[in-house]
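Everything below concerns the one structure shown next.
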Amino acid sequence: MINHKIILASKSSIRINILKNAGLHFDSVDSMIDERQIQKKYQENIQFRVKDLALTLAEEKAMKVSEKYPEQLIIGCDQILECDNEIFHKPRDTSNALTDLKKLKGKKHNLITSNVCVLNSRKIWQHTEISKMYMRDFTDEFIGSYATSMKNKINKVVAGYEIEGLGIQLFKKIDGDFFSIQGISLFQLLKFLRQAGYIKK
């Protein structure tokens with residue numbers, strides 16, 4: 001049952017909690033799109049840019065949900081982690097997560113976060129934020145302890161870390177908005193929602 005004027009096209013617990021904590025009243029619906037298939041098709045384009053891919057995926061999610069709920073404002077979100085021209089995904093298992101973390105160790109990687117708002121299958125707002133993440137040169141002993149502490153949670157997040165938890169210990173420096181790093185550019189979204197009349201000014 002959809003009870004609110006706003007729908008988040010995501011079942012991400014992190015994004016849901018961010019919006020709830022900000023006092024928004026909304027429903028959440030999984031877009032059920034095949035992200036990998038869209039990404040594969042998009043990357044075949046000779047003019048492919050990671051920044052554009054994040055925006056495309058966010059828009060695809062919102063548009064899919066808007067088809068079913070045209071009267072509601074749909075918020076679409078996507079985030080891509082890129083390092084040395086490689087796109088990282090959620091790891092298959094702990095071993096894969098550790099491999100990814102060792103690739104990122106001591107390097108800077110980018111988190112590209114895109115958010116869009118769609119009404120009646122028409123995009124009316126978009127925002128993309130690029131956060132620069134600098135991992136420290138951690139020891140093998142630390143990363144082993146980290147994996148043990150994370151347990152199965154390490155397989156549920158891209159590159160095996162969440163910045164709002166133990167993952168913060170992997171970093172020496174971060175240049176970016178904290179909410180965008182978690183997957184939704186909250187300040188920019190709230191500004192749009194106020195301007196559009198969905199929340200009080």
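Chains: A, B, ... in order of the structure tokens. Residues: from 1 per chain. Ligands: from 1, in order shown.
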
task = Can you check which residues of chain A DSSP gives as alpha helix (DSSP H) on the backbone and send them as a PyMOL selection string?
result = chain A and resi 13-21+35-43+50-68+94-104+140-150+178-182+186-195

Any chance you can output those residues with C-alpha atoms as a JSON list (two decimals), in the first residue's frame?
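In the end it all went to part_9.json:
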```
[["chain", "number", "residue", "atom", "x", "y", "z"],
["A", 13, "SER", "CA", 18.51, 0.16, 4.54],
["A", 14, "ILE", "CA", 21.15, 2.91, 4.67],
["A", 15, "ARG", "CA", 19.26, 5.23, 2.29],
["A", 16, "ILE", "CA", 15.95, 4.48, 4.01],
["A", 17, "ASN", "CA", 17.41, 5.34, 7.43],
["A", 18, "ILE", "CA", 18.98, 8.56, 6.15],
["A", 19, "LEU", "CA", 15.65, 9.80, 4.79],
["A", 20, "LYS", "CA", 13.71, 8.64, 7.87],
["A", 21, "ASN", "CA", 16.17, 10.36, 10.20],
["A", 35, "GLU", "CA", 21.90, -3.11, -13.17],
["A", 36, "ARG", "CA", 24.66, -5.31, -14.59],
["A", 37, "GLN", "CA", 22.87, -5.68, -17.93],
["A", 38, "ILE", "CA", 22.35, -1.92, -18.23],
["A", 39, "GLN", "CA", 25.96, -1.28, -17.24],
["A", 40, "LYS", "CA", 27.27, -3.78, -19.79],
["A", 41, "LYS", "CA", 25.21, -2.20, -22.58],
["A", 42, "TYR", "CA", 26.25, 1.31, -21.53],
["A", 43, "GLN", "CA", 29.96, 0.48, -21.40],
["A", 50, "VAL", "CA", 31.46, 6.38, -15.20],
["A", 51, "LYS", "CA", 29.81, 9.61, -14.05],
["A", 52, "ASP", "CA", 27.14, 9.26, -16.73],
["A", 53, "LEU", "CA", 26.58, 5.59, -15.89],
["A", 54, "ALA", "CA", 25.70, 6.37, -12.26],
["A", 55, "LEU", "CA", 23.18, 8.96, -13.43],
["A", 56, "THR", "CA", 21.74, 6.60, -16.05],
["A", 57, "LEU", "CA", 21.21, 3.83, -13.48],
["A", 58, "ALA", "CA", 19.60, 6.21, -10.97],
["A", 59, "GLU", "CA", 17.23, 7.44, -13.67],
["A", 60, "GLU", "CA", 16.39, 3.93, -14.90],
["A", 61, "LYS", "CA", 15.41, 2.89, -11.37],
["A", 62, "ALA", "CA", 13.19, 5.93, -10.85],
["A", 63, "MET", "CA", 11.56, 5.61, -14.29],
["A", 64, "LYS", "CA", 10.76, 1.94, -13.70],
["A", 65, "VAL", "CA", 8.95, 2.69, -10.43],
["A", 66, "SER", "CA", 7.25, 5.77, -11.92],
["A", 67, "GLU", "CA", 5.57, 3.56, -14.53],
["A", 68, "LYS", "CA", 3.58, 1.96, -11.72],
["A", 94, "THR", "CA", 34.91, -12.78, 1.73],
["A", 95, "SER", "CA", 37.88, -13.78, -0.41],
["A", 96, "ASN", "CA", 36.67, -11.53, -3.22],
["A", 97, "ALA", "CA", 36.11, -8.67, -0.75],
["A", 98, "LEU", "CA", 39.67, -8.98, 0.54],
["A", 99, "THR", "CA", 41.01, -8.98, -3.03],
["A", 100, "ASP", "CA", 39.12, -5.75, -3.73],
["A", 101, "LEU", "CA", 40.33, -4.09, -0.54],
["A", 102, "LYS", "CA", 43.94, -4.96, -1.35],
["A", 103, "LYS", "CA", 43.50, -3.39, -4.81],
["A", 104, "LEU", "CA", 42.27, -0.18, -3.16],
["A", 140, "ASP", "CA", 47.59, -7.75, 6.33],
["A", 141, "GLU", "CA", 47.04, -8.32, 10.05],
["A", 142, "PHE", "CA", 44.59, -5.43, 10.21],
["A", 143, "ILE", "CA", 42.64, -6.48, 7.14],
["A", 144, "GLY", "CA", 42.35, -10.03, 8.51],
["A", 145, "SER", "CA", 40.98, -8.70, 11.78],
["A", 146, "TYR", "CA", 38.67, -6.37, 9.87],
["A", 147, "ALA", "CA", 37.21, -9.23, 7.82],
["A", 148, "THR", "CA", 36.63, -11.29, 10.97],
["A", 149, "SER", "CA", 34.81, -8.40, 12.64],
["A", 150, "MET", "CA", 32.67, -7.66, 9.57],
["A", 178, "PHE", "CA", 29.17, 12.26, 4.28],
["A", 179, "PHE", "CA", 25.62, 11.53, 3.09],
["A", 180, "SER", "CA", 26.67, 11.29, -0.55],
["A", 181, "ILE", "CA", 29.31, 8.77, 0.46],
["A", 182, "GLN", "CA", 26.54, 6.70, 2.03],
["A", 186, "LEU", "CA", 20.73, 14.57, 1.30],
["A", 187, "PHE", "CA", 21.34, 18.33, 1.45],
["A", 188, "GLN", "CA", 20.77, 18.81, -2.28],
["A", 189, "LEU", "CA", 17.71, 16.52, -2.23],
["A", 190, "LEU", "CA", 16.12, 18.35, 0.71],
["A", 191, "LYS", "CA", 16.71, 21.68, -1.03],
["A", 192, "PHE", "CA", 14.86, 20.43, -4.12],
["A", 193, "LEU", "CA", 12.00, 18.97, -2.06],
["A", 194, "ARG", "CA", 11.53, 22.32, -0.29],
["A", 195, "GLN", "CA", 11.56, 24.24, -3.57]]
```

Distance query Asp137 of chain A at most 10 Å, only C-alpha atoms, self and fewer than 5 positions along chain excluded, as a tab-separated table (two decimals) with N, CA, C and O atoms, in the first residue's frame:
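Result file follows (part_0.tsv):
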```tsv
chain	number	residue	atom	x	y	z
A	102	LYS	N	42.49	-5.03	-1.11
A	102	LYS	CA	43.94	-4.96	-1.35
A	102	LYS	C	44.25	-4.18	-2.63
A	102	LYS	O	45.29	-3.54	-2.73
A	104	LEU	N	42.52	-1.57	-3.52
A	104	LEU	CA	42.27	-0.18	-3.16
A	104	LEU	C	43.26	0.35	-2.12
A	104	LEU	O	43.38	1.57	-1.94
A	105	LYS	N	43.94	-0.54	-1.45
A	105	LYS	CA	44.87	-0.20	-0.37
A	105	LYS	C	45.92	0.83	-0.81
A	105	LYS	O	46.56	0.68	-1.85
A	106	GLY	N	46.03	1.91	-0.04
A	106	GLY	CA	47.03	2.94	-0.31
A	106	GLY	C	46.72	3.82	-1.50
A	106	GLY	O	47.55	4.63	-1.91
A	107	LYS	N	45.52	3.70	-2.08
A	107	LYS	CA	45.16	4.45	-3.28
A	107	LYS	C	43.96	5.37	-3.03
A	107	LYS	O	43.23	5.22	-2.06
A	170	LEU	N	39.66	2.14	7.48
A	170	LEU	CA	40.44	1.84	6.28
A	170	LEU	C	41.00	3.11	5.63
A	170	LEU	O	41.86	3.03	4.76
A	171	PHE	N	40.56	4.27	6.09
A	171	PHE	CA	40.86	5.52	5.39
A	171	PHE	C	41.76	6.45	6.18
A	171	PHE	O	41.74	6.48	7.41
A	172	LYS	N	42.55	7.23	5.42
A	172	LYS	CA	43.36	8.27	6.02
A	172	LYS	C	42.81	9.66	5.73
A	172	LYS	O	43.11	10.63	6.42
```

query = With distances taken over only C-alpha atoms, which of A:Gly183, A:Met32, A:Ile7, A:Arg49 is nearest to Val157 of chain A?
reply = A:Gly183

Which of chain A DSSP labels strand (DSSP E or B), written as a ChimeraX atom specification = /A:6-8,27-28,73-83,86-88,108-119,122-135,171-175

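Using only C-alpha atoms, the nearest neighbour of Lys108 of chain A within the list A:Glu71, A:Asp30, A:Asp84, A:Glu162 is A:Asp84.
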
query = Interatomic distance between atom CA of Lys173 of chain A and atom CA of Ser131 of chain A?
reply =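 Those two atoms sit 11.0 Å apart.
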
request  = Compile the contact shell of Pro70 of chain A as a ChimeraX atom specification: residues with an atom at most 8 Å away, counting only C-alpha atoms, same-chain residues fewer than 4 positions apart removed.
outcome  = /A:66,119-121

Gap from atom CA of Ser10 of chain A to atom CA of Asp93 of chain A - Å, one decimal = 23.0 Å

request  = Could you check how far atom CA of Pro91 of chain A sits from atom CA of Ile130 of chain A, in Å to one decimal?
outcome  =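 For atom CA of Pro91 of chain A relative to atom CA of Ile130 of chain A, the distance reads 21.9 Å.
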
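Nearest residue to Ser185 of chain A among A:Ala9, A:Val116, A:Ile87, A:Leu81 is A:Val116, counting only C-alpha atoms.
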
task = Go through A:Ile6, A:Ile174, A:Ile184, A:Ile163 one by one, measure the shortest atom-to-atom distance of each to Glu129 of chain A using only C-alpha atoms, and give the residue with the smallest value.
result = A:Ile184

If you count only C-alpha atoms, which residues fall within 8 Å of Leu8 of chain A, apart from same-chain ones fewer than 2 positions away, as a compact mmCIF listing (two decimals) with N, CA and C atoms, in the first residue's frame?
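Output file out.txt follows:
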```
# COMPACT_ATOMS: atom_id res chain seq x y z
N ILE A 6 5.85 10.57 -1.81
CA ILE A 6 7.24 10.33 -2.21
C ILE A 6 7.55 8.84 -2.11
N SER A 10 14.27 2.24 -3.95
CA SER A 10 15.39 1.49 -3.38
C SER A 10 14.94 0.81 -2.10
N LYS A 11 15.53 -0.32 -1.82
CA LYS A 11 15.30 -1.00 -0.54
C LYS A 11 16.56 -0.95 0.32
N ILE A 16 17.23 4.37 3.30
CA ILE A 16 15.95 4.48 4.01
C ILE A 16 16.14 5.17 5.36
N PHE A 26 7.76 8.72 3.43
CA PHE A 26 7.88 8.14 2.09
C PHE A 26 7.67 6.64 2.16
N ASP A 27 7.48 6.03 1.00
CA ASP A 27 7.47 4.58 0.86
C ASP A 27 8.72 4.18 0.09
N SER A 28 9.09 2.93 0.17
CA SER A 28 10.23 2.43 -0.60
C SER A 28 9.80 1.24 -1.45
N VAL A 29 10.23 1.26 -2.71
CA VAL A 29 9.88 0.22 -3.67
C VAL A 29 11.13 -0.19 -4.42
N ILE A 74 9.22 10.09 -7.47
CA ILE A 74 10.11 8.95 -7.29
C ILE A 74 11.55 9.43 -7.17
N ILE A 75 12.23 8.96 -6.14
CA ILE A 75 13.65 9.27 -5.94
C ILE A 75 14.47 8.06 -6.37
N GLY A 76 15.31 8.25 -7.36
CA GLY A 76 16.21 7.18 -7.83
C GLY A 76 17.63 7.46 -7.40
```
